[in-house]
Amino acid sequence: MARRSPSPGPGPRRPPPPARPPLALLLLAAAAAALLPTGDGQNLFTEDVTVVEGDVATISCRVKNNDDSVIQLLNPNRQTIYFRDFRPLKDSRFQLVNFSNSELRVSLTNVSISDEGRYFCQLYTDPPQEIFMTITVLVPPRNLVIDIQKDTAVEGEEIELNCTAMASRPATTIKWFKGSKELKGKSEVEQWSDMYTVTSQISLTVRREDDGVPVVCEVDHPAVKDLQTKRYLDVMYKPQIRVSQLLPASGLTREGDLLDLLCQVEGKPEPTDTTWFRVDEEMPPHVIVSGSNLHISSLNKSDNGTYRCEASNEVGKAFVDYMLYVYDPLTTLPPPTTTIIIPFTTAAKNRKAHSKIAPQPETTSWFHDSRAGEESAITAVDHAVIGGVVAVVVFAMLCLLIILGRYFARHKGTYFTHEAKGADDAADADTAIINAEGGQNNSEEKKEYFI
């Protein structure tokens, strides 16, 4: 009898099959996780983007001859930013600008350094294609500062200036200018993470002409234009003095003339003490000094001498000497014995005066020359001396001609006297002729004897 197989009992229940996810999620997961082989990009085109931090970057994936294949954009971590016109990435800074069969264009606002890297465009063809583009983020310098060694410098000192450009990317190039002239500085670069701090240094030996001149630190960086800062130099210097002869206007100082001198002083800080005095002698009682002016109402020979204008400030002291010579009222040339000896090699020359201004080495070279009249007088004296020498030479030649004339005349007379010497003692003319002939015969006899 055949045995019936027992009917199966209620064994353990199998778990129900898992629910199929929606098709969209499957596509997104596949797009985010799949590592597609990189094609040659023959139909995909994109461009690198350089953007300043905080600005907007535009990413574009362009397709040529698209056959309705799917386009998607991935970030540097290969997360899908846009799948066709859908954005699965929860970063609202990414916004769709344009979507079509030939282009997927996305904008990224408020770009930061963390957004820098490679972004991938993928095209689902057979085989799939992929191409990447790079976003480069530029960071301008956060701050630009000039640090000066001394706020106020004294003429002749060397000072240092430092210009610092902080937290830039890439490193900044710093240029220096003094006025319109470019200077060469020495730069050092420090890197902190992805940022660079650049410090540039220059050294300057300041002069009085540099007072008030701007020193400019200028940045050369692709993320910024015309970024600069400046400091104005503050230079102190000792007085510089210039003496001008206001009267007499003709320039030549004669007896009885009115002399008016002006001492012009410039310095920083402003000179507080300006004085006139006579060197090595007392000031004549009729000389009137009023501030920076020296006034003599009627010149005379006793006024000859050196008059000094002296000024001082906190930096130092300076002076200029005015050497006065009073000429005779009836002559235009000084006596030959009144040559003025100038003890200073740095004496300045004024073109409008006859007395000499002799500044010390501490004074500057722009002082006016006060010897123009005297130089013309000395030039006239030189011409007179040359004329005198020529006259003496001509006179000596005339005397020589006279002496030679007398000498030749005397020599000729003596010759004739010796020729007729035998007739000196004759009583009459016939005897003289005979004696002369005898003398000649005697001479010839002597010649025959010697022969």
# chains A, B, ... in the order shown; residues from 1 in each chain; ligands from 1
call {"tool": "residues_around", "arguments": {"residues": "Ala311 in chain A", "least_positions_apart": "5", "cutoff": "12 Å", "atoms": "only C-alpha atoms", "output": "list in words"}}
result
Lys238, Pro239, Gln240, Ile241, Arg242, Cys263, Gln264, Val265, Glu266, Gly267, Lys268, Pro269, Glu270, Pro271, Thr272, Asp273, Thr274, Thr275, Trp276, Phe277, Gly291, Ser292, Gly316, Lys317, Ala318, Phe319, Val320, Glu362 and Thr363 of chain A
call {"tool": "write_last_selection", "arguments": {"atoms": "N, CA, C and O atoms", "output": "CSV table (one decimal), in the first residue's frame"}}
result
chain,number,residue,atom,x,y,z
A,238,LYS,N,68.8,121.5,9.1
A,238,LYS,CA,69.3,122.8,9.6
A,238,LYS,C,69.1,123.9,8.6
A,238,LYS,O,68.8,123.6,7.4
A,239,PRO,N,69.2,125.1,9.1
A,239,PRO,CA,68.9,126.2,8.2
A,239,PRO,C,69.7,126.3,6.9
A,239,PRO,O,70.9,125.9,7.0
A,240,GLN,N,69.2,126.7,5.9
A,240,GLN,CA,69.9,127.1,4.7
A,240,GLN,C,69.6,128.6,4.4
A,240,GLN,O,68.5,129.0,4.5
A,241,ILE,N,70.7,129.3,4.1
A,241,ILE,CA,70.7,130.8,4.1
A,241,ILE,C,71.1,131.3,2.7
A,241,ILE,O,72.0,130.7,2.1
A,242,ARG,N,70.4,132.3,2.3
A,242,ARG,CA,70.8,133.0,1.1
A,242,ARG,C,70.7,134.5,1.4
A,242,ARG,O,69.7,135.0,1.9
A,263,CYS,N,68.7,138.7,4.4
A,263,CYS,CA,69.1,137.4,4.8
A,263,CYS,C,67.8,136.5,4.8
A,263,CYS,O,67.0,136.6,5.7
A,264,GLN,N,67.7,135.6,3.8
A,264,GLN,CA,66.6,134.7,3.7
A,264,GLN,C,67.0,133.3,4.3
A,264,GLN,O,68.0,132.7,3.9
A,265,VAL,N,66.2,132.9,5.2
A,265,VAL,CA,66.5,131.6,6.0
A,265,VAL,C,65.4,130.7,5.8
A,265,VAL,O,64.2,131.0,5.9
A,266,GLU,N,65.7,129.4,5.6
A,266,GLU,CA,64.7,128.3,5.5
A,266,GLU,C,65.3,127.1,6.2
A,266,GLU,O,66.4,126.7,6.1
A,267,GLY,N,64.4,126.5,7.1
A,267,GLY,CA,64.8,125.3,7.8
A,267,GLY,C,63.6,124.6,8.4
A,267,GLY,O,62.5,125.2,8.4
A,268,LYS,N,63.8,123.4,8.9
A,268,LYS,CA,62.8,122.7,9.6
A,268,LYS,C,63.3,122.0,10.8
A,268,LYS,O,64.3,121.1,10.7
A,269,PRO,N,62.9,122.3,12.0
A,269,PRO,CA,61.8,123.3,12.3
A,269,PRO,C,62.3,124.7,11.9
A,269,PRO,O,63.4,125.0,11.6
A,270,GLU,N,61.3,125.7,11.9
A,270,GLU,CA,61.6,127.0,11.6
A,270,GLU,C,62.7,127.6,12.4
A,270,GLU,O,62.6,127.5,13.7
A,271,PRO,N,63.7,128.2,11.8
A,271,PRO,CA,64.8,128.8,12.6
A,271,PRO,C,64.3,129.9,13.6
A,271,PRO,O,63.4,130.7,13.2
A,272,THR,N,64.7,129.8,14.8
A,272,THR,CA,64.2,130.8,15.8
A,272,THR,C,65.1,131.9,16.1
A,272,THR,O,64.7,132.9,16.7
A,273,ASP,N,66.4,131.9,15.6
A,273,ASP,CA,67.4,132.9,15.9
A,273,ASP,C,68.1,133.2,14.7
A,273,ASP,O,68.9,132.4,14.2
A,274,THR,N,67.9,134.4,14.1
A,274,THR,CA,68.6,134.9,12.9
A,274,THR,C,69.3,136.2,13.3
A,274,THR,O,68.6,137.2,13.7
A,275,THR,N,70.7,136.3,13.1
A,275,THR,CA,71.4,137.5,13.6
A,275,THR,C,72.4,137.9,12.5
A,275,THR,O,72.8,137.1,11.7
A,276,TRP,N,72.7,139.3,12.5
A,276,TRP,CA,73.7,139.9,11.7
A,276,TRP,C,74.9,140.4,12.6
A,276,TRP,O,74.6,141.0,13.6
A,277,PHE,N,76.1,140.1,12.2
A,277,PHE,CA,77.2,140.7,12.9
A,277,PHE,C,78.4,140.8,12.0
A,277,PHE,O,78.5,140.2,10.9
A,291,GLY,N,65.6,142.7,12.0
A,291,GLY,CA,65.2,141.3,11.7
A,291,GLY,C,66.3,140.7,10.8
A,291,GLY,O,67.4,140.5,11.1
A,292,SER,N,65.9,140.3,9.6
A,292,SER,CA,66.8,139.7,8.6
A,292,SER,C,67.4,140.7,7.7
A,292,SER,O,68.1,140.3,6.8
A,316,GLY,N,70.6,122.3,13.9
A,316,GLY,CA,72.0,122.8,13.8
A,316,GLY,C,72.0,124.2,13.5
A,316,GLY,O,71.0,125.0,13.6
A,317,LYS,N,73.2,124.7,13.1
A,317,LYS,CA,73.5,126.1,12.9
A,317,LYS,C,74.2,126.3,11.5
A,317,LYS,O,74.9,125.4,11.1
A,318,ALA,N,73.9,127.4,10.9
A,318,ALA,CA,74.5,127.7,9.6
A,318,ALA,C,74.7,129.2,9.5
A,318,ALA,O,74.0,130.0,10.1
A,319,PHE,N,75.6,129.6,8.6
A,319,PHE,CA,75.8,131.0,8.4
A,319,PHE,C,76.4,131.2,6.9
A,319,PHE,O,76.9,130.3,6.3
A,320,VAL,N,76.2,132.5,6.5
A,320,VAL,CA,76.8,133.0,5.2
A,320,VAL,C,77.5,134.3,5.4
A,320,VAL,O,76.9,135.2,6.1
A,362,GLU,N,78.6,123.9,5.6
A,362,GLU,CA,77.3,123.5,6.0
A,362,GLU,C,76.1,124.1,5.2
A,362,GLU,O,75.0,123.7,5.3
A,363,THR,N,76.5,125.1,4.4
A,363,THR,CA,75.4,125.8,3.7
A,363,THR,C,75.3,125.1,2.3
A,363,THR,O,76.2,124.4,1.9
call {"tool": "residues_around", "arguments": {"residues": "range 46-49 of chain A", "least_positions_apart": "2", "cutoff": "12 Å", "atoms": "only C-alpha atoms", "output": "PyMOL selection string"}}
result
chain A and resi 41-44+51-52+55-64+73+102-105+107-108+111+115-122+130-138
call {"tool": "write_last_selection", "arguments": {"atoms": "N, CA and C atoms", "output": "short mmCIF file (atom, residue, chain, number, x, y, z; two decimals), in the first residue's frame"}}
result
data_model
loop_
_atom_site.label_atom_id
_atom_site.label_comp_id
_atom_site.auth_asym_id
_atom_site.auth_seq_id
_atom_site.Cartn_x
_atom_site.Cartn_y
_atom_site.Cartn_z
N GLY A 41 36.63 62.58 -24.38
CA GLY A 41 35.96 63.87 -24.34
C GLY A 41 35.74 64.46 -25.71
N GLN A 42 35.52 63.62 -26.66
CA GLN A 42 35.42 64.13 -28.02
C GLN A 42 34.16 64.95 -28.24
N ASN A 43 33.10 64.71 -27.43
CA ASN A 43 31.86 65.46 -27.58
C ASN A 43 31.60 66.41 -26.41
N LEU A 44 32.44 66.38 -25.40
CA LEU A 44 32.27 67.22 -24.21
C LEU A 44 33.29 68.36 -24.24
N VAL A 51 38.39 82.60 -10.17
CA VAL A 51 37.43 83.49 -9.53
C VAL A 51 38.01 84.03 -8.24
N VAL A 52 37.64 85.26 -7.90
CA VAL A 52 38.07 85.88 -6.65
C VAL A 52 37.16 85.42 -5.53
N ASP A 55 33.20 85.96 -5.01
CA ASP A 55 32.50 86.25 -6.27
C ASP A 55 31.73 85.01 -6.74
N VAL A 56 31.21 85.08 -7.96
CA VAL A 56 30.40 84.00 -8.54
C VAL A 56 31.22 83.28 -9.61
N ALA A 57 31.20 81.94 -9.56
CA ALA A 57 31.85 81.11 -10.57
C ALA A 57 30.76 80.43 -11.40
N THR A 58 30.98 80.38 -12.70
CA THR A 58 30.03 79.73 -13.60
C THR A 58 30.69 78.50 -14.22
N ILE A 59 30.05 77.33 -14.01
CA ILE A 59 30.55 76.06 -14.51
C ILE A 59 29.67 75.64 -15.68
N SER A 60 30.30 75.28 -16.79
CA SER A 60 29.53 74.94 -17.99
C SER A 60 30.03 73.62 -18.58
N CYS A 61 29.05 72.72 -18.82
CA CYS A 61 29.33 71.47 -19.53
C CYS A 61 28.59 71.54 -20.87
N ARG A 62 29.35 71.56 -21.95
CA ARG A 62 28.74 71.71 -23.28
C ARG A 62 28.94 70.42 -24.08
N VAL A 63 27.91 70.08 -24.85
CA VAL A 63 27.92 68.83 -25.62
C VAL A 63 27.72 69.19 -27.09
N LYS A 64 28.54 68.56 -27.93
CA LYS A 64 28.42 68.74 -29.37
C LYS A 64 27.82 67.48 -29.98
N LEU A 73 26.79 66.81 -13.52
CA LEU A 73 27.94 67.57 -13.01
C LEU A 73 28.26 67.10 -11.61
N SER A 102 22.37 70.47 -25.25
CA SER A 102 23.76 70.78 -25.61
C SER A 102 24.54 71.46 -24.49
N GLU A 103 23.87 71.79 -23.36
CA GLU A 103 24.60 72.50 -22.30
C GLU A 103 23.94 72.32 -20.95
N LEU A 104 24.82 72.20 -19.95
CA LEU A 104 24.41 72.26 -18.55
C LEU A 104 25.28 73.33 -17.89
N ARG A 105 24.65 74.45 -17.53
CA ARG A 105 25.41 75.57 -16.96
C ARG A 105 24.90 75.86 -15.55
N SER A 107 25.79 78.00 -11.74
CA SER A 107 26.52 79.09 -11.06
C SER A 107 26.76 78.72 -9.61
N LEU A 108 27.92 79.13 -9.10
CA LEU A 108 28.28 78.92 -7.70
C LEU A 108 28.57 80.28 -7.09
N VAL A 111 31.96 82.15 -3.58
CA VAL A 111 32.99 81.12 -3.67
C VAL A 111 33.99 81.29 -2.54
N ASP A 115 35.98 75.55 -2.11
CA ASP A 115 35.34 75.18 -3.37
C ASP A 115 36.35 74.92 -4.48
N GLU A 116 37.62 75.17 -4.22
CA GLU A 116 38.64 75.00 -5.25
C GLU A 116 38.86 73.53 -5.54
N GLY A 117 39.10 73.18 -6.80
CA GLY A 117 39.39 71.80 -7.17
C GLY A 117 38.85 71.47 -8.55
N ARG A 118 38.78 70.16 -8.83
CA ARG A 118 38.32 69.66 -10.12
C ARG A 118 36.83 69.33 -10.07
N TYR A 119 36.09 69.77 -11.07
CA TYR A 119 34.67 69.47 -11.24
C TYR A 119 34.53 68.68 -12.54
N PHE A 120 33.65 67.64 -12.49
CA PHE A 120 33.58 66.67 -13.59
C PHE A 120 32.26 66.80 -14.34
N CYS A 121 32.37 66.80 -15.66
CA CYS A 121 31.21 66.71 -16.53
C CYS A 121 31.16 65.29 -17.10
N GLN A 122 29.98 64.64 -16.96
CA GLN A 122 29.83 63.27 -17.44
C GLN A 122 28.68 63.21 -18.45
N GLU A 130 33.76 61.50 -19.91
CA GLU A 130 33.97 62.37 -18.75
C GLU A 130 35.09 63.36 -19.05
N ILE A 131 34.90 64.55 -18.59
CA ILE A 131 35.92 65.59 -18.72
C ILE A 131 35.86 66.47 -17.48
N PHE A 132 36.99 67.04 -17.10
CA PHE A 132 37.00 67.85 -15.88
C PHE A 132 37.46 69.28 -16.18
N MET A 133 37.08 70.19 -15.30
CA MET A 133 37.53 71.58 -15.31
C MET A 133 37.95 71.94 -13.87
N THR A 134 38.81 72.95 -13.76
CA THR A 134 39.38 73.33 -12.46
C THR A 134 38.92 74.73 -12.07
N ILE A 135 38.48 74.85 -10.85
CA ILE A 135 38.17 76.16 -10.27
C ILE A 135 39.34 76.59 -9.40
N THR A 136 39.90 77.77 -9.73
CA THR A 136 41.00 78.36 -8.94
C THR A 136 40.46 79.58 -8.23
N VAL A 137 40.67 79.64 -6.93
CA VAL A 137 40.15 80.74 -6.11
C VAL A 137 41.31 81.67 -5.74
N LEU A 138 41.16 82.95 -6.06
CA LEU A 138 42.15 83.96 -5.72
C LEU A 138 41.69 84.71 -4.48
#
call {"tool": "closest_residue", "arguments": {"among": "A:Gln72, A:Asn162, A:Asn98, A:Ser298", "to": "Tyr124 in chain A", "atoms": "only C-alpha atoms"}}
result
A:Gln72
call {"tool": "atom_distance", "arguments": {"atom1": "CA of Ser180 in chain A", "atom2": "CA of Tyr237 in chain A"}}
result
23.0 Å
call {"tool": "atom_distance", "arguments": {"atom1": "CA of Ile159 in chain A", "atom2": "CA of Gly212 in chain A"}}
result
15.1 Å
call {"tool": "residues_around", "arguments": {"residues": "Glu158 in chain A", "least_positions_apart": "3", "cutoff": "12 Å", "atoms": "only C-alpha atoms", "output": "JSON, numbers by chain"}}
result
{"A": [148, 149, 150, 152, 153, 154, 155, 161, 202, 203, 204, 205, 206, 207, 235]}
call {"tool": "write_last_selection", "arguments": {"atoms": "all heavy atoms", "output": "short mmCIF file (atom, residue, chain, number, x, y, z; two decimals), in the first residue's frame"}}
result
data_model
loop_
_atom_site.label_atom_id
_atom_site.label_comp_id
_atom_site.auth_asym_id
_atom_site.auth_seq_id
_atom_site.Cartn_x
_atom_site.Cartn_y
_atom_site.Cartn_z
N ILE A 148 57.06 102.47 9.42
CA ILE A 148 58.26 103.28 9.25
C ILE A 148 59.05 103.30 10.54
O ILE A 148 58.48 103.32 11.64
CB ILE A 148 57.91 104.71 8.79
CG1 ILE A 148 59.15 105.47 8.34
CG2 ILE A 148 57.13 105.46 9.86
CD1 ILE A 148 58.84 106.78 7.62
N GLN A 149 60.38 103.26 10.40
CA GLN A 149 61.25 103.17 11.58
C GLN A 149 61.13 104.43 12.45
O GLN A 149 61.07 104.35 13.66
CB GLN A 149 62.69 102.98 11.13
CG GLN A 149 63.68 102.80 12.27
CD GLN A 149 65.10 102.64 11.77
OE1 GLN A 149 65.41 102.93 10.61
NE2 GLN A 149 65.99 102.17 12.61
N LYS A 150 61.09 105.60 11.81
CA LYS A 150 60.97 106.87 12.54
C LYS A 150 59.93 107.73 11.86
O LYS A 150 59.97 107.91 10.64
CB LYS A 150 62.31 107.62 12.56
CG LYS A 150 63.35 107.05 13.48
CD LYS A 150 64.57 107.96 13.51
CE LYS A 150 65.61 107.47 14.50
NZ LYS A 150 66.79 108.39 14.55
N THR A 152 59.68 110.93 12.31
CA THR A 152 60.41 112.14 11.92
C THR A 152 61.90 111.82 11.87
O THR A 152 62.45 111.28 12.84
CB THR A 152 60.16 113.29 12.92
OG1 THR A 152 58.76 113.56 12.96
CG2 THR A 152 60.89 114.54 12.48
N ALA A 153 62.52 112.12 10.74
CA ALA A 153 63.94 111.83 10.56
C ALA A 153 64.71 113.13 10.35
O ALA A 153 64.14 114.14 9.93
CB ALA A 153 64.16 110.91 9.36
N VAL A 154 66.01 113.07 10.66
CA VAL A 154 66.91 114.21 10.47
C VAL A 154 67.68 114.00 9.17
O VAL A 154 68.05 112.86 8.83
CB VAL A 154 67.87 114.36 11.66
CG1 VAL A 154 68.85 115.51 11.44
CG2 VAL A 154 67.09 114.57 12.95
N GLU A 155 67.91 115.08 8.47
CA GLU A 155 68.62 115.01 7.19
C GLU A 155 69.93 114.23 7.33
O GLU A 155 70.71 114.46 8.26
CB GLU A 155 68.91 116.41 6.67
CG GLU A 155 69.64 116.45 5.33
CD GLU A 155 69.94 117.85 4.86
OE1 GLU A 155 69.93 118.78 5.71
OE2 GLU A 155 70.19 118.04 3.67
N LEU A 161 61.72 101.24 5.99
CA LEU A 161 60.28 101.15 5.84
C LEU A 161 59.91 99.72 5.47
O LEU A 161 60.58 99.10 4.63
CB LEU A 161 59.77 102.11 4.76
CG LEU A 161 59.89 103.61 5.03
CD1 LEU A 161 61.21 104.15 4.49
CD2 LEU A 161 58.73 104.37 4.40
N ILE A 202 62.64 98.46 2.52
CA ILE A 202 63.57 99.36 1.83
C ILE A 202 64.28 100.21 2.87
O ILE A 202 63.77 100.42 3.97
CB ILE A 202 62.86 100.26 0.79
CG1 ILE A 202 61.81 101.14 1.47
CG2 ILE A 202 62.28 99.46 -0.34
CD1 ILE A 202 61.25 102.21 0.56
N SER A 203 65.46 100.72 2.47
CA SER A 203 66.23 101.65 3.31
C SER A 203 66.45 102.93 2.51
O SER A 203 66.79 102.88 1.33
CB SER A 203 67.58 101.04 3.72
OG SER A 203 67.39 99.89 4.52
N LEU A 204 66.26 104.07 3.18
CA LEU A 204 66.40 105.38 2.54
C LEU A 204 67.30 106.27 3.37
O LEU A 204 67.19 106.30 4.60
CB LEU A 204 65.04 106.07 2.39
CG LEU A 204 64.02 105.47 1.41
CD1 LEU A 204 62.72 106.26 1.50
CD2 LEU A 204 64.56 105.49 0.00
N THR A 205 68.21 106.99 2.69
CA THR A 205 68.96 108.07 3.32
C THR A 205 68.26 109.36 2.95
O THR A 205 68.28 109.77 1.79
CB THR A 205 70.42 108.09 2.85
OG1 THR A 205 71.04 106.84 3.19
CG2 THR A 205 71.19 109.22 3.52
N VAL A 206 67.61 109.98 3.92
CA VAL A 206 66.73 111.11 3.62
C VAL A 206 67.52 112.41 3.48
O VAL A 206 68.56 112.60 4.12
CB VAL A 206 65.66 111.27 4.71
CG1 VAL A 206 64.75 110.06 4.73
CG2 VAL A 206 66.29 111.48 6.08
N ARG A 207 67.01 113.28 2.62
CA ARG A 207 67.55 114.62 2.40
C ARG A 207 66.44 115.62 2.63
O ARG A 207 65.26 115.25 2.73
CB ARG A 207 68.12 114.75 0.99
CG ARG A 207 69.21 113.75 0.67
CD ARG A 207 69.62 113.85 -0.79
NE ARG A 207 68.49 113.57 -1.66
CZ ARG A 207 68.51 113.74 -2.97
NH1 ARG A 207 69.59 114.23 -3.56
NH2 ARG A 207 67.45 113.45 -3.70
N VAL A 235 61.02 115.18 7.27
CA VAL A 235 62.47 115.35 7.40
C VAL A 235 62.78 116.71 8.01
O VAL A 235 62.31 117.74 7.52
CB VAL A 235 63.17 115.22 6.03
CG1 VAL A 235 64.68 115.33 6.20
CG2 VAL A 235 62.80 113.91 5.36
#
call {"tool": "select_by_dssp", "arguments": {"residues": "range 245-345 of chain A", "states": "strand (DSSP E or B)", "output": "number ranges by chain"}}
result
A: 245-247, 254, 259-268, 273-278, 287-290, 293-296, 305-312, 317-324, 327
call {"tool": "write_last_selection", "arguments": {"atoms": "N, CA and C atoms", "output": "compact mmCIF listing (two decimals), in the first residue's frame"}}
result
# COMPACT_ATOMS: atom_id res chain seq x y z
N GLN A 245 71.47 141.17 -2.16
CA GLN A 245 71.72 142.62 -2.10
C GLN A 245 70.57 143.32 -2.83
N LEU A 246 69.75 144.03 -2.06
CA LEU A 246 68.62 144.75 -2.64
C LEU A 246 69.05 146.11 -3.20
N LEU A 247 69.94 146.80 -2.49
CA LEU A 247 70.48 148.11 -2.91
C LEU A 247 71.98 148.12 -2.65
N ARG A 254 79.58 151.85 -3.87
CA ARG A 254 80.48 153.01 -3.87
C ARG A 254 80.27 153.82 -2.59
N LEU A 259 73.22 150.82 1.16
CA LEU A 259 73.35 149.36 1.10
C LEU A 259 72.21 148.73 1.89
N ASP A 260 71.52 147.81 1.23
CA ASP A 260 70.41 147.10 1.89
C ASP A 260 70.55 145.61 1.57
N LEU A 261 70.78 144.79 2.61
CA LEU A 261 70.96 143.34 2.46
C LEU A 261 69.79 142.61 3.11
N LEU A 262 69.37 141.51 2.47
CA LEU A 262 68.30 140.67 3.00
C LEU A 262 68.83 139.26 3.21
N CYS A 263 68.65 138.73 4.41
CA CYS A 263 69.08 137.37 4.77
C CYS A 263 67.84 136.48 4.78
N GLN A 264 67.75 135.59 3.80
CA GLN A 264 66.61 134.67 3.69
C GLN A 264 67.00 133.33 4.28
N VAL A 265 66.20 132.85 5.22
CA VAL A 265 66.52 131.64 5.98
C VAL A 265 65.36 130.65 5.84
N GLU A 266 65.72 129.39 5.60
CA GLU A 266 64.73 128.32 5.51
C GLU A 266 65.27 127.10 6.25
N GLY A 267 64.42 126.49 7.06
CA GLY A 267 64.83 125.30 7.80
C GLY A 267 63.62 124.63 8.41
N LYS A 268 63.83 123.41 8.92
CA LYS A 268 62.76 122.67 9.58
C LYS A 268 63.34 121.96 10.81
N ASP A 273 66.38 131.86 15.61
CA ASP A 273 67.36 132.89 15.93
C ASP A 273 68.14 133.23 14.66
N THR A 274 67.92 134.44 14.12
CA THR A 274 68.64 134.94 12.95
C THR A 274 69.32 136.25 13.31
N THR A 275 70.65 136.32 13.14
CA THR A 275 71.40 137.50 13.57
C THR A 275 72.39 137.93 12.49
N TRP A 276 72.70 139.26 12.50
CA TRP A 276 73.74 139.86 11.67
C TRP A 276 74.85 140.36 12.59
N PHE A 277 76.11 140.13 12.22
CA PHE A 277 77.22 140.74 12.94
C PHE A 277 78.42 140.82 12.01
N ARG A 278 79.39 141.63 12.44
CA ARG A 278 80.60 141.83 11.64
C ARG A 278 81.70 140.91 12.16
N VAL A 287 75.24 151.29 11.20
CA VAL A 287 74.60 150.13 10.58
C VAL A 287 73.32 149.81 11.35
N ILE A 288 72.22 149.63 10.63
CA ILE A 288 70.93 149.32 11.24
C ILE A 288 70.55 147.90 10.85
N VAL A 289 70.31 147.05 11.87
CA VAL A 289 69.87 145.67 11.66
C VAL A 289 68.42 145.57 12.13
N SER A 290 67.56 145.14 11.22
CA SER A 290 66.14 145.00 11.53
C SER A 290 65.69 143.61 11.09
N ASN A 293 67.14 142.01 7.87
CA ASN A 293 67.68 143.05 7.00
C ASN A 293 68.85 143.76 7.66
N LEU A 294 69.87 144.08 6.84
CA LEU A 294 70.99 144.92 7.27
C LEU A 294 70.99 146.16 6.37
N HIS A 295 71.06 147.36 7.02
CA HIS A 295 70.90 148.62 6.29
C HIS A 295 72.03 149.58 6.67
N ILE A 296 72.72 150.10 5.62
CA ILE A 296 73.74 151.14 5.81
C ILE A 296 73.33 152.30 4.91
N GLY A 305 84.64 145.10 5.02
CA GLY A 305 84.80 143.97 5.95
C GLY A 305 83.84 142.85 5.61
N THR A 306 83.75 141.88 6.53
CA THR A 306 82.90 140.71 6.34
C THR A 306 81.74 140.77 7.30
N TYR A 307 80.53 140.68 6.73
CA TYR A 307 79.30 140.71 7.52
C TYR A 307 78.65 139.34 7.43
N ARG A 308 78.30 138.79 8.58
CA ARG A 308 77.81 137.41 8.65
C ARG A 308 76.35 137.37 9.09
N CYS A 309 75.56 136.57 8.33
CA CYS A 309 74.19 136.25 8.74
C CYS A 309 74.19 134.82 9.26
N GLU A 310 73.72 134.63 10.47
CA GLU A 310 73.76 133.33 11.13
C GLU A 310 72.36 132.96 11.62
N ALA A 311 72.00 131.69 11.47
CA ALA A 311 70.70 131.20 11.91
C ALA A 311 70.85 129.80 12.48
N SER A 312 69.94 129.42 13.36
CA SER A 312 70.01 128.11 14.00
C SER A 312 68.59 127.61 14.32
N LYS A 317 73.24 124.72 13.14
CA LYS A 317 73.49 126.14 12.89
C LYS A 317 74.16 126.28 11.53
N ALA A 318 73.87 127.41 10.87
CA ALA A 318 74.48 127.69 9.58
C ALA A 318 74.69 129.19 9.45
N PHE A 319 75.61 129.59 8.58
CA PHE A 319 75.84 131.03 8.35
C PHE A 319 76.37 131.25 6.95
N VAL A 320 76.24 132.51 6.50
CA VAL A 320 76.77 132.95 5.22
C VAL A 320 77.47 134.28 5.44
N ASP A 321 78.67 134.42 4.85
CA ASP A 321 79.46 135.66 4.97
C ASP A 321 79.28 136.52 3.72
N TYR A 322 79.11 137.82 3.97
CA TYR A 322 79.01 138.81 2.89
C TYR A 322 80.23 139.72 3.01
N MET A 323 81.12 139.68 2.02
CA MET A 323 82.35 140.47 2.07
C MET A 323 82.14 141.76 1.28
N LEU A 324 82.20 142.87 1.99
CA LEU A 324 81.88 144.18 1.42
C LEU A 324 83.15 144.95 1.10
N TYR A 327 83.94 150.99 -3.17
CA TYR A 327 84.77 151.60 -4.20
C TYR A 327 84.74 153.13 -4.10
call {"tool": "atom_distance", "arguments": {"atom1": "CA of Gln129 in chain A", "atom2": "CA of Leu89 in chain A"}}
result
21.7 Å
